[in-house]
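Q: If it helps, the file is called query32.tsv and holds TSV, C-alpha atoms:
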chain	number	residue	atom	x	y	z
A	13	MET	CA	131.35	86.21	-181.99
A	14	ALA	CA	129.63	82.94	-181.10
A	15	ILE	CA	131.77	81.10	-183.65
A	16	ASN	CA	134.90	82.56	-182.07
A	17	ARG	CA	133.80	81.34	-178.64
A	18	THR	CA	133.12	77.86	-179.97
A	19	ALA	CA	136.51	77.78	-181.68
A	20	ALA	CA	138.21	78.90	-178.49
A	21	LEU	CA	136.42	76.21	-176.46
A	22	LEU	CA	137.35	73.57	-179.02
A	23	PHE	CA	140.96	74.73	-178.94
A	24	ILE	CA	141.06	74.53	-175.12
A	25	ALA	CA	139.45	71.09	-175.14
A	26	THR	CA	141.93	69.87	-177.74
A	27	ALA	CA	144.82	71.30	-175.75
A	28	ILE	CA	143.62	69.58	-172.57
A	29	LEU	CA	143.21	66.27	-174.40
A	30	ALA	CA	146.62	66.64	-176.02
A	31	ALA	CA	148.21	67.44	-172.66
A	32	SER	CA	146.56	64.45	-170.98
A	33	ALA	CA	147.66	62.20	-173.83
A	34	TYR	CA	151.16	63.61	-173.56
A	35	PHE	CA	151.47	62.94	-169.86
A	36	ALA	CA	149.85	59.51	-170.23
A	37	SER	CA	152.66	58.54	-172.60
A	38	ALA	CA	155.31	59.13	-169.91
A	39	ASP	CA	155.47	55.46	-169.09
A	40	LEU	CA	158.95	53.98	-169.09
A	41	GLY	CA	161.17	54.76	-166.13
A	42	MET	CA	164.32	53.57	-164.41
A	43	VAL	CA	165.33	53.59	-160.75
A	44	ALA	CA	168.39	55.82	-160.67
A	45	GLY	CA	171.93	54.95	-159.66
A	46	PRO	CA	174.92	53.38	-161.38
A	47	LEU	CA	175.86	49.70	-161.26
A	48	ASN	CA	179.41	49.51	-159.95
A	49	PHE	CA	180.98	46.07	-160.22
A	50	ASN	CA	184.17	45.13	-158.42
A	51	VAL	CA	184.86	41.65	-159.73
A	52	SER	CA	187.88	39.52	-158.88
A	53	VAL	CA	189.86	38.26	-161.85
A	54	GLY	CA	188.37	34.97	-162.95
A	55	GLY	CA	185.25	35.60	-160.87
A	56	HIS	CA	181.76	36.93	-161.36
A	57	GLU	CA	179.27	39.19	-159.60
A	58	THR	CA	175.53	39.82	-159.97
A	59	LEU	CA	173.76	43.10	-159.26
A	60	GLN	CA	170.21	44.21	-159.97
A	61	PHE	CA	168.39	47.21	-161.34
A	62	ARG	CA	164.73	48.07	-161.79
A	63	ALA	CA	162.71	49.58	-164.62
A	64	PHE	CA	159.05	50.49	-164.32
A	65	ASN	CA	155.95	51.26	-166.29
A	66	SER	CA	153.90	54.11	-164.83
A	67	GLY	CA	151.37	54.01	-167.64
A	68	SER	CA	148.19	52.06	-168.20
A	69	GLN	CA	149.43	50.10	-171.21
A	70	PRO	CA	151.97	47.24	-171.19
A	71	ILE	CA	155.43	48.09	-172.51
A	72	LEU	CA	157.30	45.73	-174.81
A	73	PHE	CA	161.01	46.18	-174.21
A	74	ASN	CA	164.40	45.05	-175.37
A	75	VAL	CA	167.60	45.33	-173.33
A	76	VAL	CA	170.68	46.75	-175.03
A	77	PRO	CA	173.77	45.38	-173.24
A	78	PRO	CA	176.87	47.53	-172.83
A	79	THR	CA	179.76	47.43	-175.29
A	80	PHE	CA	183.17	48.10	-173.81
A	81	THR	CA	186.25	49.59	-175.35
A	82	ALA	CA	188.85	46.85	-175.62
A	83	ILE	CA	192.00	47.13	-173.52
A	84	ALA	CA	195.20	45.95	-175.23
A	85	ASN	CA	196.10	42.32	-174.42
A	86	GLN	CA	193.11	41.99	-172.10
A	87	SER	CA	189.87	40.12	-172.59
A	88	THR	CA	186.72	42.19	-172.22
A	89	PRO	CA	184.34	41.14	-169.42
A	90	SER	CA	181.12	39.48	-170.45
A	91	VAL	CA	177.81	40.93	-169.25
A	92	THR	CA	174.61	38.89	-169.08
A	93	ILE	CA	171.31	40.65	-168.42
A	94	THR	CA	168.10	38.77	-167.64
A	95	PRO	CA	165.45	39.21	-168.82
A	96	SER	CA	166.82	40.50	-172.12
A	97	ASN	CA	163.37	41.30	-173.48
A	98	GLY	CA	159.72	41.00	-172.52
A	99	THR	CA	156.84	43.08	-171.23
A	100	ILE	CA	156.48	45.37	-168.24
A	101	ALA	CA	152.89	45.29	-167.03
A	102	PRO	CA	151.03	48.58	-166.43
A	103	HIS	CA	151.78	50.32	-163.12
A	104	SER	CA	154.45	47.81	-162.20
A	105	GLU	CA	158.19	47.39	-162.14
A	106	LEU	CA	160.59	44.71	-163.30
A	107	THR	CA	163.89	43.67	-161.72
A	108	PHE	CA	166.80	42.84	-164.01
A	109	ASN	CA	169.80	40.72	-163.00
A	110	VAL	CA	173.16	41.79	-164.38
A	111	THR	CA	175.99	39.26	-164.12
A	112	VAL	CA	179.55	40.26	-164.98
A	113	ASN	CA	182.31	37.71	-165.61
A	114	VAL	CA	185.89	38.92	-165.63
A	115	PRO	CA	188.19	36.52	-167.52
A	116	GLY	CA	190.90	34.79	-165.47
A	117	LYS	CA	193.65	36.05	-167.77
A	118	ASP	CA	192.90	39.70	-167.05
A	119	ARG	CA	195.06	41.75	-164.73
A	120	GLN	CA	193.69	43.48	-161.65
A	121	GLY	CA	192.86	47.18	-161.71
A	122	ASP	CA	191.43	47.31	-165.24
A	123	PHE	CA	188.34	49.47	-165.71
A	124	TRP	CA	185.47	49.37	-168.20
A	125	ASP	CA	182.32	51.48	-168.32
A	126	ASN	CA	179.32	52.05	-170.55
A	127	ILE	CA	175.53	52.03	-170.26
A	128	ILE	CA	172.74	49.46	-170.07
A	129	GLN	CA	169.55	50.46	-171.87
A	130	VAL	CA	165.96	49.28	-171.67
A	131	VAL	CA	164.33	50.36	-174.93
A	132	GLU	CA	160.61	50.40	-175.59
A	133	LEU	CA	159.79	48.60	-178.82
A	134	SER	CA	157.59	50.61	-181.14
A	135	ASN	CA	154.54	49.12	-182.77
A	136	VAL	CA	154.34	52.08	-185.14
A	137	THR	CA	155.79	51.59	-188.62
A	138	ASN	CA	157.17	54.70	-190.18
A	139	THR	CA	156.76	55.02	-193.90
A	140	ASN	CA	159.11	57.94	-194.38
A	141	GLY	CA	162.02	59.23	-192.33
A	142	ALA	CA	163.17	58.19	-188.88
A	143	THR	CA	161.39	56.23	-186.18
A	144	VAL	CA	162.47	57.39	-182.74
A	145	LEU	CA	162.51	54.83	-179.92
A	146	GLU	CA	162.37	55.76	-176.24
A	147	GLY	CA	164.66	54.21	-173.70
A	148	VAL	CA	165.94	54.53	-170.17
A	149	GLY	CA	169.27	53.36	-168.90
A	150	LYS	CA	172.03	53.53	-166.37
A	151	GLU	CA	175.77	53.54	-166.20
A	152	ILE	CA	177.65	50.31	-165.58
A	153	SER	CA	181.28	50.22	-164.47
A	154	ILE	CA	183.52	47.22	-163.92
A	155	THR	CA	186.79	47.15	-162.02
A	156	SER	CA	188.83	43.96	-161.98
A	157	ALA	CA	189.97	43.12	-158.46
A	158	PRO	CA	192.71	40.68	-157.30
A	159	ALA	CA	191.78	37.03	-157.46
A	160	LYS	CA	190.20	35.93	-154.18
A	161	THR	CA	191.97	33.35	-151.99
A	162	ASP	CA	189.62	30.51	-151.23
A	163	TYR	CA	190.57	29.95	-147.58
A	164	PRO	CA	187.91	27.29	-146.79
A	165	LEU	CA	189.12	25.22	-149.74
A	166	ILE	CA	192.76	25.52	-148.68
A	167	ILE	CA	191.99	24.59	-145.06
A	168	GLY	CA	189.83	21.70	-146.21
A	169	SER	CA	192.62	20.42	-148.44
A	170	ILE	CA	195.15	20.61	-145.61
A	171	ILE	CA	192.85	18.71	-143.23
A	172	ALA	CA	192.14	16.07	-145.87
A	173	ALA	CA	195.87	15.63	-146.56
A	174	ALA	CA	196.63	15.33	-142.82
A	175	LEU	CA	193.91	12.70	-142.40
A	176	ILE	CA	195.27	10.67	-145.31
A	177	ILE	CA	198.82	10.82	-143.88
A	178	CYS	CA	197.64	9.76	-140.39
A	179	ALA	CA	195.56	6.92	-141.78
A	180	SER	CA	198.42	5.58	-143.89
A	181	ALA	CA	200.87	5.85	-140.94
A	182	LEU	CA	198.51	3.88	-138.70
A	183	HIS	CA	198.07	1.24	-141.34
A	184	LEU	CA	201.83	0.82	-141.79
A	185	ASN	CA	202.40	0.60	-138.02
A	186	ARG	CA	199.76	-2.11	-137.65
A	187	HIS	CA	201.27	-4.06	-140.50
A	188	ARG	CA	204.78	-3.96	-138.92
A	189	ARG	CA	203.53	-5.22	-135.49
A	190	ARG	CA	201.80	-8.18	-137.03
A	191	SER	CA	204.50	-9.10	-139.50
A	192	PRO	CA	206.66	-12.02	-138.00
A	193	GLU	CA	203.95	-14.23	-136.50
A	194	ALA	CA	201.22	-13.02	-138.79
A	195	ARG	CA	203.12	-14.25	-141.77
A	196	ALA	CA	203.48	-17.73	-140.16
A	197	ALA	CA	199.87	-17.80	-139.03
A	198	PRO	CA	198.34	-18.85	-142.32
A	199	ALA	CA	200.53	-22.02	-142.43
A	200	LYS	CA	199.54	-23.00	-138.87
A	201	GLY	CA	195.97	-22.35	-139.60
A	202	ALA	CA	196.09	-24.54	-142.66
A	203	ALA	CA	197.52	-27.46	-140.68
A	204	ALA	CA	194.99	-27.01	-137.91
A	205	VAL	CA	192.26	-27.17	-140.38
A	206	SER	CA	193.48	-30.59	-141.56
A	207	ARG	CA	193.19	-31.94	-137.98
A	208	PRO	CA	190.57	-29.95	-136.20
A	209	GLY	CA	190.88	-29.83	-132.44
A	210	GLY	CA	194.14	-31.79	-132.43
A	211	ARG	CA	197.77	-30.80	-132.20
A	212	THR	CA	199.86	-30.94	-135.33
A	213	SER	CA	202.95	-33.09	-135.58
A	214	GLN	CA	204.98	-29.92	-136.03
A	215	SER	CA	203.70	-28.42	-132.78
A	216	ARG	CA	204.37	-31.69	-130.94
A	217	ARG	CA	207.92	-31.66	-132.17
A	218	ARG	CA	208.32	-28.09	-130.93
A	219	THR	CA	206.97	-29.06	-127.53
A	220	ARG	CA	209.43	-31.92	-127.24
A	221	LYS	CA	212.30	-29.63	-128.20
A	222	ARG	CA	211.25	-27.13	-125.56
A	223	ALA	CA	211.03	-29.89	-122.99
A	224	ALA	CA	214.54	-30.99	-123.84
A	225	SER	CA	215.93	-27.51	-123.73
A	226	SER	CA	214.30	-26.84	-120.35
A	227	LYS	CA	216.73	-29.33	-118.71
A	228	THR	CA	219.67	-27.12	-119.62
A	229	PRO	CA	220.74	-24.78	-116.80
A	230	GLY	CA	220.04	-21.05	-116.92
A	231	ARG	CA	216.71	-21.39	-118.72
A	232	ARG	CA	214.32	-21.98	-115.85
A	233	GLY	CA	211.70	-19.74	-117.23
A	234	ARG	CA	210.79	-22.25	-119.87
A	235	LYS	CA	210.72	-25.29	-117.59
A	236	THR	CA	207.07	-25.08	-116.67
A	237	LYS	CA	206.06	-24.49	-120.26
A	238	ALA	CA	208.20	-27.34	-121.61
A	239	ARG	CA	206.98	-30.07	-119.25
A	240	PRO	CA	203.55	-31.04	-120.28
A	241	SER	CA	204.08	-34.66	-119.15
A	242	THR	CA	205.44	-33.95	-115.60
A	243	THR	CA	203.30	-34.59	-112.57
A	244	GLY	CA	202.17	-31.99	-110.13
A	245	LYS	CA	204.29	-33.46	-107.24
A	246	LYS	CA	207.61	-33.08	-108.98
A	247	THR	CA	206.78	-29.54	-109.99
A	248	ALA	CA	205.91	-28.75	-106.41
A	249	ARG	CA	209.23	-30.14	-105.13
A	250	ARG	CA	211.25	-28.21	-107.63
A	251	ARG	CA	209.41	-25.05	-106.82
A	252	ARG	CA	210.12	-25.45	-103.15
A	253	ARG	CA	213.86	-25.78	-103.58
A	254	PRO	CA	214.66	-22.11	-104.25
A	255	ALA	CA	212.71	-21.21	-101.13
A	256	ARG	CA	215.29	-23.02	-98.91
B	221	MET	CA	98.48	62.03	-97.02
B	222	LEU	CA	101.72	63.83	-96.18
B	223	LYS	CA	103.43	60.52	-95.68
B	224	SER	CA	102.35	59.34	-99.09
B	225	TRP	CA	103.83	62.49	-100.74
B	226	LYS	CA	107.04	61.96	-98.84
B	227	SER	CA	107.25	58.38	-100.04
B	228	ILE	CA	106.60	59.49	-103.63
B	229	LEU	CA	109.36	62.11	-103.38
B	230	LEU	CA	111.72	59.60	-101.87
B	231	GLY	CA	110.96	57.13	-104.64
B	232	MET	CA	111.54	59.76	-107.31
B	233	SER	CA	114.82	60.85	-105.76
B	234	ALA	CA	115.92	57.22	-105.61
B	235	VAL	CA	115.07	56.76	-109.29
B	236	LEU	CA	116.91	59.96	-110.24
B	237	SER	CA	119.98	59.04	-108.24
B	238	SER	CA	120.12	55.57	-109.77
B	239	ALA	CA	119.74	57.14	-113.24
B	240	ALA	CA	122.62	59.47	-112.43
B	241	VAL	CA	124.75	56.53	-111.37
B	242	ILE	CA	123.93	54.70	-114.64
B	243	MET	CA	124.84	57.82	-116.67
B	244	VAL	CA	128.17	58.12	-114.91
B	245	LEU	CA	128.92	54.47	-115.57
B	246	LEU	CA	127.95	54.77	-119.23
B	247	SER	CA	130.08	57.89	-119.71
B	248	GLY	CA	133.01	55.99	-118.23
B	249	ILE	CA	132.46	53.12	-120.67
B	250	PHE	CA	132.25	55.53	-123.63
B	251	ALA	CA	135.35	57.36	-122.48
B	252	SER	CA	137.33	54.13	-122.24
B	253	ALA	CA	136.04	53.06	-125.65
B	254	LEU	CA	137.17	56.35	-127.17
B	255	ALA	CA	140.53	56.04	-125.45
B	256	SER	CA	141.01	52.53	-126.82
B	257	GLN	CA	140.08	53.78	-130.30
B	258	SER	CA	142.76	56.47	-130.25
B	259	ALA	CA	145.36	53.91	-129.13
B	260	SER	CA	144.86	51.73	-132.22
B	261	SER	CA	146.00	54.31	-134.78
B	262	VAL	CA	148.00	53.14	-137.83
B	263	THR	CA	151.32	54.63	-138.90
B	264	GLY	CA	152.20	54.37	-142.58
B	265	ASN	CA	155.44	55.01	-144.41
B	266	VAL	CA	156.65	54.87	-148.00
B	267	VAL	CA	160.14	54.81	-149.48
B	268	VAL	CA	160.24	56.85	-152.66
B	269	ASN	CA	162.87	55.73	-155.15
B	270	SER	CA	165.09	58.07	-157.08
B	271	ALA	CA	164.13	57.58	-160.71
B	272	CYS	CA	163.98	59.12	-164.15
B	273	THR	CA	161.48	58.57	-166.95
B	274	ILE	CA	161.30	59.36	-170.63
B	275	SER	CA	158.59	60.88	-172.74
B	276	LEU	CA	159.21	62.10	-176.28
B	277	SER	CA	157.02	64.67	-178.00
B	278	ASN	CA	157.17	62.85	-181.33
B	279	THR	CA	158.48	59.48	-182.40
B	280	LEU	CA	158.26	59.92	-186.18
B	281	LEU	CA	160.58	62.34	-187.96
B	282	SER	CA	159.93	63.17	-191.60
B	283	PHE	CA	162.92	65.09	-192.93
B	284	GLY	CA	162.18	67.47	-195.75
B	285	GLY	CA	158.44	66.86	-195.49
B	286	SER	CA	156.56	65.99	-198.64
B	287	ALA	CA	159.01	67.99	-200.76
B	288	GLY	CA	161.87	65.68	-199.79
B	289	VAL	CA	165.60	66.41	-199.56
B	290	ALA	CA	167.85	66.82	-202.59
B	291	PRO	CA	171.09	64.79	-202.72
B	292	GLY	CA	174.09	66.71	-201.41
B	293	THR	CA	172.00	68.92	-199.13
B	294	LEU	CA	171.21	69.08	-195.43
B	295	SER	CA	167.58	68.87	-194.39
B	296	ALA	CA	165.93	71.31	-192.06
B	297	ALA	CA	166.16	70.27	-188.40
B	298	ASN	CA	163.39	68.35	-186.66
B	299	VAL	CA	163.04	68.80	-182.94
B	300	VAL	CA	162.11	66.23	-180.32
B	301	LEU	CA	161.17	67.37	-176.82
B	302	ASP	CA	162.40	64.94	-174.17
B	303	THR	CA	160.60	65.10	-170.80
B	304	ASN	CA	161.63	63.55	-167.51
B	305	ASP	CA	158.74	62.90	-165.10
B	306	GLY	CA	160.80	61.30	-162.35
B	307	ASN	CA	162.78	62.98	-159.58
B	308	ALA	CA	166.37	62.27	-160.66
B	309	PRO	CA	168.41	64.21	-163.20
B	310	SER	CA	169.34	62.46	-166.44
B	311	TRP	CA	171.51	62.81	-169.53
B	312	ILE	CA	170.16	62.26	-173.02
B	313	TRP	CA	172.02	59.62	-175.02
B	314	SER	CA	171.39	58.83	-178.67
B	315	ALA	CA	172.15	56.10	-181.20
B	316	ALA	CA	170.98	55.40	-184.75
B	317	GLY	CA	171.01	52.75	-187.44
B	318	ASN	CA	171.82	53.14	-191.12
B	319	TRP	CA	169.38	54.74	-193.54
B	320	ILE	CA	167.72	51.88	-195.38
B	321	GLY	CA	166.63	52.73	-198.90
B	322	PRO	CA	164.25	51.25	-201.42
B	323	GLN	CA	166.91	49.09	-203.04
B	324	THR	CA	167.47	45.63	-201.70
B	325	SER	CA	171.25	45.88	-201.90
B	326	ASP	CA	173.31	47.79	-199.34
B	327	THR	CA	174.66	50.05	-202.06
B	328	GLY	CA	171.37	51.95	-201.95
B	329	ASN	CA	171.71	52.74	-198.25
B	330	PHE	CA	173.69	55.39	-196.49
B	331	LEU	CA	175.32	55.56	-193.11
B	332	GLU	CA	173.80	56.66	-189.82
B	333	SER	CA	176.56	59.24	-189.49
B	334	ASN	CA	174.72	61.35	-192.10
B	335	THR	CA	172.17	62.10	-189.38
B	336	VAL	CA	173.35	64.84	-187.09
B	337	TYR	CA	172.07	65.92	-183.69
B	338	GLY	CA	172.55	68.78	-181.26
B	339	ALA	CA	170.98	71.03	-178.66
B	340	THR	CA	170.33	73.83	-181.16
B	341	SER	CA	168.54	74.10	-184.50
B	342	ASN	CA	171.92	73.73	-186.26
B	343	PRO	CA	172.92	70.22	-185.21
B	344	ILE	CA	176.41	69.06	-186.19
B	345	THR	CA	177.26	65.93	-184.17
B	346	PRO	CA	177.05	62.80	-186.34
B	347	GLU	CA	175.09	59.84	-185.07
B	348	SER	CA	176.76	56.50	-184.43
B	349	SER	CA	175.51	52.96	-184.05
B	350	ALA	CA	176.77	52.87	-180.46
B	351	SER	CA	174.85	55.04	-178.03
B	352	ALA	CA	176.64	58.29	-177.20
B	353	ASN	CA	176.06	61.04	-174.68
B	354	THR	CA	174.55	64.09	-176.39
B	355	VAL	CA	175.59	66.20	-173.37
B	356	ILE	CA	172.02	67.50	-173.24
B	357	PHE	CA	170.93	67.52	-169.62
B	358	LEU	CA	167.56	67.11	-167.94
B	359	PRO	CA	167.64	68.54	-164.41
B	360	ALA	CA	165.92	66.77	-161.55
B	361	PRO	CA	162.18	67.48	-161.70
B	362	THR	CA	160.54	69.05	-158.69
B	363	LEU	CA	157.07	68.28	-157.34
B	364	ASP	CA	154.57	68.27	-160.23
B	365	SER	CA	157.12	70.01	-162.47
B	366	PRO	CA	158.75	67.68	-164.99
B	367	THR	CA	161.86	68.89	-166.76
B	368	SER	CA	162.26	68.95	-170.54
B	369	ASN	CA	164.93	69.63	-173.10
B	370	SER	CA	165.06	69.66	-176.88
B	371	ILE	CA	167.21	67.60	-179.17
B	372	TYR	CA	167.43	68.56	-182.84
B	373	PHE	CA	168.03	66.17	-185.74
B	374	ALA	CA	168.84	66.78	-189.40
B	375	VAL	CA	169.99	64.54	-192.21
B	376	ASN	CA	172.66	65.14	-194.84
B	377	VAL	CA	171.73	63.18	-197.95
B	378	PRO	CA	174.92	62.07	-199.71
B	379	VAL	CA	175.54	62.96	-203.32
B	380	GLY	CA	174.41	60.23	-205.67
B	381	THR	CA	171.83	58.77	-203.32
B	382	ALA	CA	169.09	57.07	-205.30
B	383	ALA	CA	165.63	58.63	-205.26
B	384	GLY	CA	163.11	57.02	-202.98
B	385	VAL	CA	161.98	56.69	-199.40
B	386	PHE	CA	164.61	55.99	-196.76
B	387	LEU	CA	164.01	54.82	-193.21
B	388	GLN	CA	166.09	54.99	-190.06
B	389	THR	CA	165.69	54.11	-186.39
B	390	ILE	CA	166.98	56.51	-183.74
B	391	THR	CA	167.04	55.56	-180.06
B	392	ILE	CA	166.93	58.30	-177.43
B	393	THR	CA	167.70	57.15	-173.91
B	394	ASN	CA	167.53	59.01	-170.61
B	395	ILE	CA	170.39	57.81	-168.43
B	396	CYS	CA	170.11	58.25	-164.67
Spit out the file's structure as structure tokens when you get a sec.

A:
Amino acid sequence: MAINRTAALLFIATAILAASAYFASADLGMVAGPLNFNVSVGGHETLQFRAFNSGSQPILFNVVPPTFTAIANQSTPSVTITPSNGTIAPHSELTFNVTVNVPGKDRQGDFWDNIIQVVELSNVTNTNGATVLEGVGKEISITSAPAKTDYPLIIGSIIAAALIICASALHLNRHRRRSPEARAAPAKGAAAVSRPGGRTSQSRRRTRKRAASSKTPGRRGRKTKARPSTTGKKTARRRRRPAR
Amino acid sequence: MLKSWKSILLGMSAVLSSAAVIMVLLSGIFASALASQSASSVTGNVVVNSACTISLSNTLLSFGGSAGVAPGTLSAANVVLDTNDGNAPSWIWSAAGNWIGPQTSDTGNFLESNTVYGATSNPITPESSASANTVIFLPAPTLDSPTSNSIYFAVNVPVGTAAGVFLQTITITNIC
């Protein structure tokens, strides 16, 4: 009878220990909810998910990325998950970044779906039969959306083009205004340099010509300019005449 | 003599009245202190995530036991109990690799599809290298009540398979 009692107590103790060990092994978990990507053709998008370790031992893991069924004449999106492997510390969680790139050649409205898995790596080596690995995961779906119009870039390009056109127009206008005298200016300047502060023979000749032409009727406006040698009295007389 | 008694009584009454005044003042101070204590209470909150977990009853499957499995026969089924300790429902997915034999060349191996799985003790769905939904469901656990379900595995050893020990890796994933 006493032996039976001892056996029963041992059985209960073993059962309790087994149960505690069983529940202690429930470590790897995943925050629920699918990852739904809506990525424009030629673009990319990044979403996150979290896995956690509720146990007291670190978990070594490996991420199994999704594999998509190919669509005829379409390139399959690429999925990058970081980190792709590592360790989740006890009683903590880890955030994973999932980036999806949809190739630019793809058409809009295509759909792919599969799962992402975080699998616990086993440190137990089986000598016979199958080793079973535990994992948690979530569904991932990708829908290719129309290519986005980059409005800021377009507006920026238009403004830049307008500025270039305005600048070139201003430059041309300036050049036209300067053209007849500006072209002659370098020659004058060169002569002036040869006799600094003095009048050139060419300019003297021009002055004489103007003086001569001022005597001709109908060109009064130039008289005052063309008479550098006249005295102030004569000029005064001539000016008075029209007043009579 | 009478006067002296009167003065004593007066003095005592003065002392008592002043003591009463002090008591009233002290009670007021205590009351205000208590009131200020109740005003500085802390409110806490927690956001509980929706999540699923995985816990397998056994991670080593020995098909056929020590007696082994004869070529051209199907082994007895091994069962794995999958438990979800979270609060979200999940589906059990499974994938497997090839059976790797004792020979170094691939000719001594056989495919993962020779392993079959199912929800009953007569599994028939062949494994594949890509993870597939077993359509075995784990309902959402309730408070302190995890949910479990069984998944059975068996292996069909192809005819002509060389004698020896073969190994395989099966991955069971709870998807939520």

Q: Have a look at A:Pro46, A:Pro102, A:Pro78, A:Gly141 and name the one nearest to chain B; count all atoms listed in the file.

A: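 Counting all atoms listed in the file, the residue closest to chain B is A:Gly141.
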
Q: Which residue, B:Cys272, B:Val267, B:Ile390, B:Leu294, has the smallest gap to Arg62 (chain A) when you use all atoms listed in the file?

A: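 Checking each of B:Cys272, B:Val267, B:Ile390, B:Leu294 against Arg62 (chain A), counting all atoms listed in the file, the winner is B:Cys272.
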
Q: Taking a cut-off of 12 Å and counting all atoms listed in the file, can you build a table that, for each residue of chain A near chain B, reports the nearest atom pair and how far apart they are in Å (one decimal), sorted by chain then residue number, as CSV?

A:
residue,atom,partner,partner_atom,distance
A:Ala30,CA,B:Ser277,CA,10.8
A:Ala31,CA,B:Ser277,CA,10.7
A:Ala33,CA,B:Ser277,CA,10.5
A:Tyr34,CA,B:Ser277,CA,7.4
A:Phe35,CA,B:Ser275,CA,8.0
A:Ala36,CA,B:Ser275,CA,9.2
A:Ser37,CA,B:Ser275,CA,6.4
A:Ala38,CA,B:Ser275,CA,4.7
A:Asp39,CA,B:Thr273,CA,7.1
A:Leu40,CA,B:Thr273,CA,5.7
A:Gly41,CA,B:Thr273,CA,3.9
A:Met42,CA,B:Ala271,CA,5.5
A:Val43,CA,B:Ala271,CA,4.2
A:Ala44,CA,B:Ala271,CA,4.6
A:Gly45,CA,B:Cys396,CA,6.3
A:Pro46,CA,B:Cys396,CA,7.6
A:Leu47,CA,B:Cys396,CA,10.9
A:Phe61,CA,B:Ala271,CA,11.2
A:Arg62,CA,B:Ala271,CA,9.6
A:Ala63,CA,B:Ala271,CA,9.0
A:Phe64,CA,B:Thr273,CA,8.8
A:Asn65,CA,B:Thr273,CA,9.2
A:Ser66,CA,B:Thr273,CA,9.0
A:Gly67,CA,B:Thr273,CA,11.1
A:Asn74,CA,B:Thr391,CA,11.8
A:Val75,CA,B:Thr393,CA,11.8
A:Val76,CA,B:Ser351,CA,9.8
A:Pro77,CA,B:Ala350,CA,10.8
A:Pro78,CA,B:Ala350,CA,9.3
A:Thr79,CA,B:Ala350,CA,8.1
A:Phe80,CA,B:Ala350,CA,10.4
A:Thr81,CA,B:Ala350,CA,11.3
A:Glu105,CA,B:Asn269,CA,11.8
A:Asn126,CA,B:Ser351,CA,9.2
A:Ile127,CA,B:Ile395,CA,7.9
A:Ile128,CA,B:Ile395,CA,8.8
A:Gln129,CA,B:Thr393,CA,7.2
A:Val130,CA,B:Thr393,CA,8.4
A:Val131,CA,B:Thr393,CA,7.6
A:Glu132,CA,B:Thr391,CA,9.4
A:Leu133,CA,B:Thr391,CA,10.1
A:Ser134,CA,B:Thr279,CA,9.0
A:Asn135,CA,B:Thr279,CA,11.1
A:Val136,CA,B:Leu280,CA,8.8
A:Thr137,CA,B:Leu280,CA,9.0
A:Asn138,CA,B:Leu280,CA,6.7
A:Thr139,CA,B:Leu387,CA,7.3
A:Asn140,CA,B:Val385,CA,5.9
A:Gly141,CA,B:Ser282,CA,4.5
A:Ala142,CA,B:Gln388,CA,4.5
A:Thr143,CA,B:Thr389,CA,4.8
A:Val144,CA,B:Thr279,CA,4.5
A:Leu145,CA,B:Thr391,CA,4.6
A:Glu146,CA,B:Ile392,CA,5.4
A:Gly147,CA,B:Thr393,CA,4.2
A:Val148,CA,B:Asn394,CA,4.8
A:Gly149,CA,B:Ile395,CA,4.6
A:Lys150,CA,B:Ile395,CA,5.0
A:Glu151,CA,B:Ile395,CA,7.2
A:Ile152,CA,B:Ile395,CA,10.8

Q: With all atoms listed in the file as the basis for distance, which of B:Ser370, B:Thr354, B:Ser365, B:Asn376 is at the shortest distance from Asn334 (chain B)?

A: B:Asn376

Q: At most 8 Å from (186.6, 48.4, -164.6), file frame, only C-alpha atoms: which residues, as a JSON list (two decimals) with C-alpha atoms, keeping the file's coordinate frame?

A:
[["chain", "number", "residue", "atom", "x", "y", "z"],
["A", 49, "PHE", "CA", 180.98, 46.07, -160.22],
["A", 50, "ASN", "CA", 184.17, 45.13, -158.42],
["A", 121, "GLY", "CA", 192.86, 47.18, -161.71],
["A", 122, "ASP", "CA", 191.43, 47.31, -165.24],
["A", 123, "PHE", "CA", 188.34, 49.47, -165.71],
["A", 124, "TRP", "CA", 185.47, 49.37, -168.20],
["A", 125, "ASP", "CA", 182.32, 51.48, -168.32],
["A", 153, "SER", "CA", 181.28, 50.22, -164.47],
["A", 154, "ILE", "CA", 183.52, 47.22, -163.92],
["A", 155, "THR", "CA", 186.79, 47.15, -162.02],
["A", 156, "SER", "CA", 188.83, 43.96, -161.98]]

Q: Could you tell me how far CA of Val379 (chain B) sits from CA of Gly328 (chain B), in Å to one decimal place?

A: 11.9 Å

Q: Closest to Ser104 (chain A) among A:Ser87, A:Thr92, A:Ser180, A:Ser68, using only C-alpha atoms?

A: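 Answer, going by the shortest atom-to-atom distance: A:Ser68.
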